[in-house]
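Student: Have a look at this one before I ask anything.
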Amino acid sequence: MAHLRGLTTRLCGNCGKMATHKTLYVKTESAGRSKWLRIFWVCLSCNAPNHVVVPRYMLETKPLSPPPAELVEDVTLALECGPLDFDELMQNLRIGRKGICHTFNSDVRMALQYLTANRIVTEHKDDLTDRTITEVSAKSRKANHLKLCPDERSRGVETRGVVSLYAQRHTGMNTRPGTRIVKRWFAHVGLYCIQCGYLSIKLSDFY
Ligand SMILES: [Zn+2]
Ligand SMILES: [Zn+2]
């Protein structure tokens, strides 16, 4: 997969092209804090939503002792409570390694490479889209956050299953010569019904 400043080319399951994409997010609230969950990646060639599939890491055996590096030990400790994807693992390490200035992605990837090569950790494909839909439907139903579905309403059925979709946008501004400020935010781009799969998106600004 080619990464170029956040732009990734991926094989679209709908049109079969290697296309640029945009990741769509939904927002959930827990304990007064907003959480942004990835729900789809949309192919910018045919506009079809694709499932976000990420590797998830699972601890298989007791780690080597003594561990070859502190970070290797911290990764196995984090995975002891259950399998994690890369983002969850990073989050876990950042909280757990407070005294350490910075935990670099590349170092964690190397630790994982070491652990998988030694079969201490195995890698599994995880459908993040399915997980997000389950989480959102459980949370939203409780909080009554779902909106009426326009597609089902047009057929005379009134069900609430619609969530808002967002995409990340950014602008770069040159404030003074040599100083560039990049602002990032989530822009509302459409609606998705977790009941019937109705999808309405407008991504024309991103092309
Ligand atoms: Zn496509
Ligand atoms: Zn619907």
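Residues are named by chain letter and number: chains run A, B, ... in the order of the structure tokens, numbers start at 1 in each chain, and ligands are numbered from 1 in the order shown.
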Grab me every residue within 12 Å of ligand 2, counting only C-alpha atoms and all ligand atoms, and send it over as a list in words.
Tutor: Leu146, Lys147, Leu148, Cys149, Pro150, Asp151, Glu152, Arg153, Ser154, Arg155, Gly156, Val157, Glu158, Thr159, Arg160, Gly161, Val162, Val163, Leu191, Tyr192, Cys193, Ile194, Gln195, Cys196, Gly197, Tyr198, Leu199 and Ser200 of chain A
Student: Would you mind listing, for every residue of chain A within 12 Å of ligand 1, the two atoms forming the shortest contact and the distance between them in Å to one decimal, using only C-alpha atoms and all ligand atoms, sorted by chain and ascending residue number, as a Markdown table?
Tutor:
| residue | atom | partner | partner_atom_place_in_ligand_line | distance |
| --- | --- | --- | --- | --- |
| A:Thr9 | CA | ligand 1 | 1 (Zn) | 10.9 |
| A:Arg10 | CA | ligand 1 | 1 (Zn) | 9.2 |
| A:Leu11 | CA | ligand 1 | 1 (Zn) | 7.7 |
| A:Cys12 | CA | ligand 1 | 1 (Zn) | 4.6 |
| A:Gly13 | CA | ligand 1 | 1 (Zn) | 6.6 |
| A:Asn14 | CA | ligand 1 | 1 (Zn) | 5.0 |
| A:Cys15 | CA | ligand 1 | 1 (Zn) | 4.1 |
| A:Gly16 | CA | ligand 1 | 1 (Zn) | 6.2 |
| A:Lys17 | CA | ligand 1 | 1 (Zn) | 6.0 |
| A:Met18 | CA | ligand 1 | 1 (Zn) | 7.9 |
| A:Ala19 | CA | ligand 1 | 1 (Zn) | 6.7 |
| A:Thr20 | CA | ligand 1 | 1 (Zn) | 8.9 |
| A:His21 | CA | ligand 1 | 1 (Zn) | 8.8 |
| A:Lys22 | CA | ligand 1 | 1 (Zn) | 11.4 |
| A:Trp41 | CA | ligand 1 | 1 (Zn) | 10.2 |
| A:Val42 | CA | ligand 1 | 1 (Zn) | 7.7 |
| A:Cys43 | CA | ligand 1 | 1 (Zn) | 4.6 |
| A:Leu44 | CA | ligand 1 | 1 (Zn) | 6.7 |
| A:Ser45 | CA | ligand 1 | 1 (Zn) | 5.1 |
| A:Cys46 | CA | ligand 1 | 1 (Zn) | 4.2 |
| A:Asn47 | CA | ligand 1 | 1 (Zn) | 6.1 |
| A:Ala48 | CA | ligand 1 | 1 (Zn) | 5.6 |
| A:Pro49 | CA | ligand 1 | 1 (Zn) | 8.1 |
| A:Asn50 | CA | ligand 1 | 1 (Zn) | 8.5 |
Student: Please write the residues from the selection above to a file, keeping C-alpha atoms, as a PDB file, in the first residue's frame.
Tutor:
ATOM      1  CA  THR A   9      -4.340   3.866  -3.090  1.00  0.00           C
ATOM      2  CA  ARG A  10      -6.479   0.856  -2.379  1.00  0.00           C
ATOM      3  CA  LEU A  11      -8.163  -1.854  -4.384  1.00  0.00           C
ATOM      4  CA  CYS A  12     -11.879  -1.100  -4.492  1.00  0.00           C
ATOM      5  CA  GLY A  13     -14.160  -4.122  -4.096  1.00  0.00           C
ATOM      6  CA  ASN A  14     -16.824  -2.479  -6.232  1.00  0.00           C
ATOM      7  CA  CYS A  15     -15.067  -1.164  -9.368  1.00  0.00           C
ATOM      8  CA  GLY A  16     -11.907  -3.286  -9.113  1.00  0.00           C
ATOM      9  CA  LYS A  17      -9.624  -0.265  -9.607  1.00  0.00           C
ATOM     10  CA  MET A  18      -6.672   0.858  -7.540  1.00  0.00           C
ATOM     11  CA  ALA A  19      -8.196   4.138  -6.461  1.00  0.00           C
ATOM     12  CA  THR A  20      -7.603   6.977  -4.058  1.00  0.00           C
ATOM     13  CA  HIS A  21      -9.962   6.949  -1.136  1.00  0.00           C
ATOM     14  CA  LYS A  22     -11.450   8.935   1.693  1.00  0.00           C
ATOM     15  CA  TRP A  41     -13.435   4.031   3.127  1.00  0.00           C
ATOM     16  CA  VAL A  42     -15.047   5.424   0.025  1.00  0.00           C
ATOM     17  CA  CYS A  43     -13.524   4.851  -3.404  1.00  0.00           C
ATOM     18  CA  LEU A  44     -13.174   8.244  -5.092  1.00  0.00           C
ATOM     19  CA  SER A  45     -13.433   6.590  -8.494  1.00  0.00           C
ATOM     20  CA  CYS A  46     -16.898   4.987  -8.151  1.00  0.00           C
ATOM     21  CA  ASN A  47     -18.102   6.405  -4.789  1.00  0.00           C
ATOM     22  CA  ALA A  48     -18.739   2.941  -3.304  1.00  0.00           C
ATOM     23  CA  PRO A  49     -18.244   2.319   0.419  1.00  0.00           C
ATOM     24  CA  ASN A  50     -15.706  -0.389   1.323  1.00  0.00           C
TER      25      ASN A  50
END
Student: Quick one: pull the distance between CA of Leu128 in chain A and CA of Val52 in chain A, Å, one decimal.
Tutor: 5.4 Å
Student: Residues near range 166-174 of chain A, anyone? I mean within 8 Å using only C-alpha atoms, not counting same-chain ones fewer than 5 positions away, as a list of chain:residue names.
Tutor: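 My reading of the contact set: A:Lys22, A:Thr23, A:Leu24, A:Tyr25, A:Val26, A:Thr179, A:Arg180, A:Ile181, A:Val182, A:Lys183, A:Arg184, A:Trp185, A:Phe186, A:Ala187, A:His188, A:Val189, A:Gly190.
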Student: Of the candidates A:Arg109, A:Arg56, A:Lys35, A:Lys202, which one gets nearest to Asp126 in chain A if we count only C-alpha atoms?
Tutor: A:Arg56
Student: Which of range 121-155 of chain A end up as strand (DSSP E or B) when DSSP is run on this backbone - answer as a list in words?
Tutor: Val121, Thr122, Glu123, His124, Lys125, Asp126, Asp127, Lys147 and Leu148 of chain A
Student: Hey, can you check how far CA of Tyr57 in chain A sits from CA of Tyr114 in chain A?
Tutor: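 It comes out at 12.6 Å.
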Student: Between CA of His145 in chain A and CA of Ile201 in chain A, what is the distance in Å, rounded to a tenth?
Tutor: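 Taking CA of His145 in chain A and CA of Ile201 in chain A, their separation equals 19.3 Å.
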Student: Within 12 Å of range 69-78 of chain A, which residues of range 109-186 of chain A come that close, and what is the closest atom pair and distance in Å for each? Count only C-alpha atoms and give it as a tab-separated table.
Tutor:
residue	atom	partner	partner_atom	distance
A:Arg109	CA	A:Val75	CA	10.2
A:Met110	CA	A:Val72	CA	8.9
A:Ala111	CA	A:Val72	CA	5.3
A:Leu112	CA	A:Val72	CA	7.6
A:Gln113	CA	A:Val72	CA	10.0
A:Tyr114	CA	A:Val72	CA	8.1
A:Leu115	CA	A:Val72	CA	7.6
A:Thr116	CA	A:Thr76	CA	11.2
A:Asn118	CA	A:Val72	CA	11.8
A:Ile120	CA	A:Thr76	CA	8.6
A:Val121	CA	A:Thr76	CA	8.2
A:Thr122	CA	A:Thr76	CA	11.5
Student: Tell me, which residues of chain A carry DSSP alpha helix (DSSP H), written as a ChimeraX atom specification?
Tutor: /A:70-79,86-96,105-117,128-143,150-153
